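Reviewing the structure listed below.
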Amino acid sequence: MFTVYAIKSIEHKFIYVGMTGNLHERLKQHNLKYVISTKRFAPFTLIYSEECADGIIAREKEKYSKSSTGKKFLYSLIDKLPEKEESTLSLLAFL
């Protein structure tokens, strides 16, 4: 089982999209600045996740989420989140 996910930097206008076999551990790595491509934008909050049965489907969904249409969808999710909920989600990523 793979998870496609999108995280948003709390302090910068930056969204990262990825896929993983262990979402909880991967979010922890992002927030502890272990991931080179995201460490300067930490901390993060989870804005989207979707489980996929296999890696091929997950890679297709990840690729779509990185497209301009996919990014527009992700930014629309951010606009719908209340400020308080964003900070709660970021705390959950550390657990």
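Residue numbers start at 1 in each chain; chains themselves are named A, B, ... in the order of the structure tokens; ligands are numbered from 1 in the order shown.
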
If you run DSSP over the backbone, which residues in chain A end up alpha helix (DSSP H)? Put them as a ChimeraX atom specification.
/A:23-31,55-65,68-80,83-94

With N, CA and C atoms retained, write the just-selected residues as a short mmCIF file (atom, residue, chain, number, x, y, z; two decimals), in the first residue's frame.
```cif
data_model
loop_
_atom_site.label_atom_id
_atom_site.label_comp_id
_atom_site.auth_asym_id
_atom_site.auth_seq_id
_atom_site.Cartn_x
_atom_site.Cartn_y
_atom_site.Cartn_z
N LEU A 23 3.23 6.98 5.79
CA LEU A 23 2.95 8.41 5.84
C LEU A 23 3.39 9.05 7.16
N HIS A 24 3.10 8.40 8.26
CA HIS A 24 3.44 8.94 9.57
C HIS A 24 4.95 9.19 9.68
N GLU A 25 5.75 8.22 9.30
CA GLU A 25 7.20 8.36 9.38
C GLU A 25 7.72 9.41 8.41
N ARG A 26 7.14 9.46 7.21
CA ARG A 26 7.59 10.43 6.21
C ARG A 26 7.30 11.86 6.65
N LEU A 27 6.14 12.10 7.25
CA LEU A 27 5.82 13.44 7.75
C LEU A 27 6.80 13.85 8.85
N LYS A 28 7.14 12.90 9.69
CA LYS A 28 8.11 13.18 10.74
C LYS A 28 9.46 13.58 10.13
N GLN A 29 9.89 12.87 9.10
CA GLN A 29 11.16 13.19 8.42
C GLN A 29 11.13 14.59 7.84
N HIS A 30 10.03 14.97 7.21
CA HIS A 30 9.92 16.32 6.65
C HIS A 30 10.02 17.37 7.75
N ASN A 31 9.29 17.18 8.84
CA ASN A 31 9.27 18.19 9.90
C ASN A 31 10.55 18.23 10.73
N GLY A 55 2.19 0.88 -6.42
CA GLY A 55 3.09 1.98 -6.70
C GLY A 55 2.85 2.66 -8.03
N ILE A 56 2.38 1.91 -9.03
CA ILE A 56 2.14 2.50 -10.35
C ILE A 56 1.01 3.52 -10.29
N ILE A 57 -0.08 3.15 -9.63
CA ILE A 57 -1.21 4.07 -9.48
C ILE A 57 -0.79 5.27 -8.64
N ALA A 58 -0.05 5.02 -7.57
CA ALA A 58 0.40 6.10 -6.70
C ALA A 58 1.29 7.08 -7.46
N ARG A 59 2.19 6.56 -8.30
CA ARG A 59 3.09 7.43 -9.07
C ARG A 59 2.30 8.29 -10.05
N GLU A 60 1.25 7.73 -10.67
CA GLU A 60 0.40 8.51 -11.57
C GLU A 60 -0.32 9.64 -10.83
N LYS A 61 -0.85 9.32 -9.66
CA LYS A 61 -1.54 10.34 -8.87
C LYS A 61 -0.57 11.41 -8.37
N GLU A 62 0.64 10.99 -8.00
CA GLU A 62 1.65 11.94 -7.57
C GLU A 62 2.02 12.88 -8.73
N LYS A 63 2.22 12.31 -9.90
CA LYS A 63 2.57 13.12 -11.07
C LYS A 63 1.46 14.13 -11.39
N TYR A 64 0.21 13.69 -11.32
CA TYR A 64 -0.91 14.60 -11.56
C TYR A 64 -0.92 15.73 -10.52
N SER A 65 -0.69 15.37 -9.26
CA SER A 65 -0.72 16.38 -8.19
C SER A 65 0.37 17.42 -8.35
N SER A 68 0.13 21.58 -13.02
CA SER A 68 -0.50 22.86 -12.68
C SER A 68 -1.96 22.66 -12.24
N THR A 69 -2.67 21.74 -12.88
CA THR A 69 -4.05 21.46 -12.48
C THR A 69 -4.10 20.86 -11.08
N GLY A 70 -3.20 19.93 -10.81
CA GLY A 70 -3.13 19.32 -9.49
C GLY A 70 -2.79 20.33 -8.41
N LYS A 71 -1.85 21.23 -8.70
CA LYS A 71 -1.47 22.26 -7.71
C LYS A 71 -2.63 23.20 -7.44
N LYS A 72 -3.40 23.55 -8.48
CA LYS A 72 -4.58 24.40 -8.28
C LYS A 72 -5.55 23.73 -7.32
N PHE A 73 -5.75 22.43 -7.50
CA PHE A 73 -6.63 21.68 -6.60
C PHE A 73 -6.09 21.74 -5.16
N LEU A 74 -4.79 21.54 -4.99
CA LEU A 74 -4.21 21.56 -3.65
C LEU A 74 -4.33 22.94 -3.01
N TYR A 75 -4.10 24.00 -3.79
CA TYR A 75 -4.26 25.35 -3.24
C TYR A 75 -5.72 25.63 -2.88
N SER A 76 -6.65 25.04 -3.61
CA SER A 76 -8.06 25.22 -3.26
C SER A 76 -8.37 24.56 -1.91
N LEU A 77 -7.69 23.46 -1.62
CA LEU A 77 -7.87 22.81 -0.31
C LEU A 77 -7.37 23.71 0.81
N ILE A 78 -6.25 24.38 0.58
CA ILE A 78 -5.68 25.28 1.59
C ILE A 78 -6.65 26.42 1.88
N ASP A 79 -7.26 26.96 0.83
CA ASP A 79 -8.20 28.06 1.01
C ASP A 79 -9.41 27.66 1.85
N LYS A 80 -9.75 26.38 1.85
CA LYS A 80 -10.91 25.90 2.61
C LYS A 80 -10.58 25.57 4.06
N GLU A 83 -7.63 28.48 9.75
CA GLU A 83 -6.27 28.68 10.28
C GLU A 83 -5.97 27.73 11.44
N LYS A 84 -6.92 27.57 12.34
CA LYS A 84 -6.72 26.72 13.51
C LYS A 84 -6.49 25.26 13.11
N GLU A 85 -7.22 24.80 12.11
CA GLU A 85 -7.09 23.41 11.67
C GLU A 85 -5.71 23.16 11.07
N GLU A 86 -5.14 24.13 10.36
CA GLU A 86 -3.82 23.97 9.78
C GLU A 86 -2.78 23.72 10.86
N SER A 87 -2.82 24.49 11.95
CA SER A 87 -1.83 24.32 13.00
C SER A 87 -2.03 22.99 13.72
N THR A 88 -3.25 22.54 13.87
CA THR A 88 -3.52 21.24 14.49
C THR A 88 -2.94 20.11 13.65
N LEU A 89 -3.11 20.19 12.34
CA LEU A 89 -2.57 19.16 11.47
C LEU A 89 -1.05 19.08 11.55
N SER A 90 -0.39 20.21 11.67
CA SER A 90 1.06 20.19 11.73
C SER A 90 1.53 19.52 13.03
N LEU A 91 0.82 19.72 14.11
CA LEU A 91 1.17 19.06 15.36
C LEU A 91 0.98 17.55 15.26
N LEU A 92 -0.04 17.12 14.55
CA LEU A 92 -0.28 15.69 14.38
C LEU A 92 0.84 15.03 13.59
N ALA A 93 1.48 15.78 12.71
CA ALA A 93 2.56 15.21 11.90
C ALA A 93 3.76 14.83 12.76
N PHE A 94 3.92 15.43 13.93
CA PHE A 94 5.03 15.11 14.81
C PHE A 94 4.77 13.87 15.65
#
```

Would you mind listing what lies within 7 Å of segment 11-18 of chain A as a PyMOL selection string, with only C-alpha atoms counted and same-chain residues fewer than 5 positions away left out?
chain A and resi 4-6+41+62+65-66

Those residues with N, CA and C atoms, as a compact mmCIF listing (two decimals), in the first residue's frame please?
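Saved the output as result03.txt:
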```txt
# COMPACT_ATOMS: atom_id res chain seq x y z
N VAL A 4 -0.13 8.73 -1.46
CA VAL A 4 0.26 9.98 -2.11
C VAL A 4 -0.16 11.08 -1.15
N TYR A 5 0.72 12.03 -0.92
CA TYR A 5 0.43 13.07 0.06
C TYR A 5 0.90 14.43 -0.42
N ALA A 6 0.31 15.47 0.14
CA ALA A 6 0.73 16.84 -0.10
C ALA A 6 0.85 17.52 1.24
N PHE A 41 12.00 24.61 4.19
CA PHE A 41 10.63 25.08 4.26
C PHE A 41 9.86 24.56 5.48
N GLU A 62 0.64 10.99 -8.00
CA GLU A 62 1.65 11.94 -7.57
C GLU A 62 2.02 12.88 -8.73
N SER A 65 -0.69 15.37 -9.26
CA SER A 65 -0.72 16.38 -8.19
C SER A 65 0.37 17.42 -8.35
N LYS A 66 1.44 17.07 -9.05
CA LYS A 66 2.54 18.01 -9.28
C LYS A 66 2.30 18.88 -10.52
```

Could you check the closest approach to Glu51 of chain A for each of A:Asn22, A:Ile7, A:Leu32, A:Leu81 and tell me which residue wins, using only C-alpha atoms?
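Going through A:Asn22, A:Ile7, A:Leu32, A:Leu81 one by one, the smallest distance to Glu51 of chain A is for A:Asn22.
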
Any chance you could list, as number ranges by chain, the residues in chain A that come up strand (DSSP E or B) when DSSP is run on the backbone?
A: 2-9, 15-20, 44-52

File of the preceding selection, C-alpha atoms, as an mmCIF file, in the first residue's frame:
```
data_model
loop_
_atom_site.group_PDB
_atom_site.id
_atom_site.type_symbol
_atom_site.label_atom_id
_atom_site.label_comp_id
_atom_site.auth_asym_id
_atom_site.auth_seq_id
_atom_site.Cartn_x
_atom_site.Cartn_y
_atom_site.Cartn_z
ATOM 1 C CA PHE A 2 1.298 3.449 -0.948
ATOM 2 C CA THR A 3 0.105 6.891 0.083
ATOM 3 C CA VAL A 4 0.257 9.981 -2.111
ATOM 4 C CA TYR A 5 0.428 13.069 0.058
ATOM 5 C CA ALA A 6 0.734 16.842 -0.104
ATOM 6 C CA ILE A 7 2.184 18.987 2.638
ATOM 7 C CA LYS A 8 2.183 22.753 2.969
ATOM 8 C CA SER A 9 4.873 24.816 4.602
ATOM 9 C CA ILE A 15 3.587 22.744 -1.336
ATOM 10 C CA TYR A 16 5.418 19.433 -1.593
ATOM 11 C CA VAL A 17 3.840 16.344 -3.144
ATOM 12 C CA GLY A 18 5.243 12.864 -2.620
ATOM 13 C CA MET A 19 4.438 9.215 -2.119
ATOM 14 C CA THR A 20 5.439 6.835 0.639
ATOM 15 C CA PHE A 44 4.759 21.394 7.417
ATOM 16 C CA THR A 45 1.106 20.562 7.708
ATOM 17 C CA LEU A 46 -0.605 17.727 5.843
ATOM 18 C CA ILE A 47 -3.227 19.030 3.419
ATOM 19 C CA TYR A 48 -3.987 15.916 1.353
ATOM 20 C CA SER A 49 -3.410 12.167 1.397
ATOM 21 C CA GLU A 50 -4.767 9.278 -0.635
ATOM 22 C CA GLU A 51 -3.991 5.581 -0.297
ATOM 23 C CA CYS A 52 -3.303 3.582 -3.460
#
```
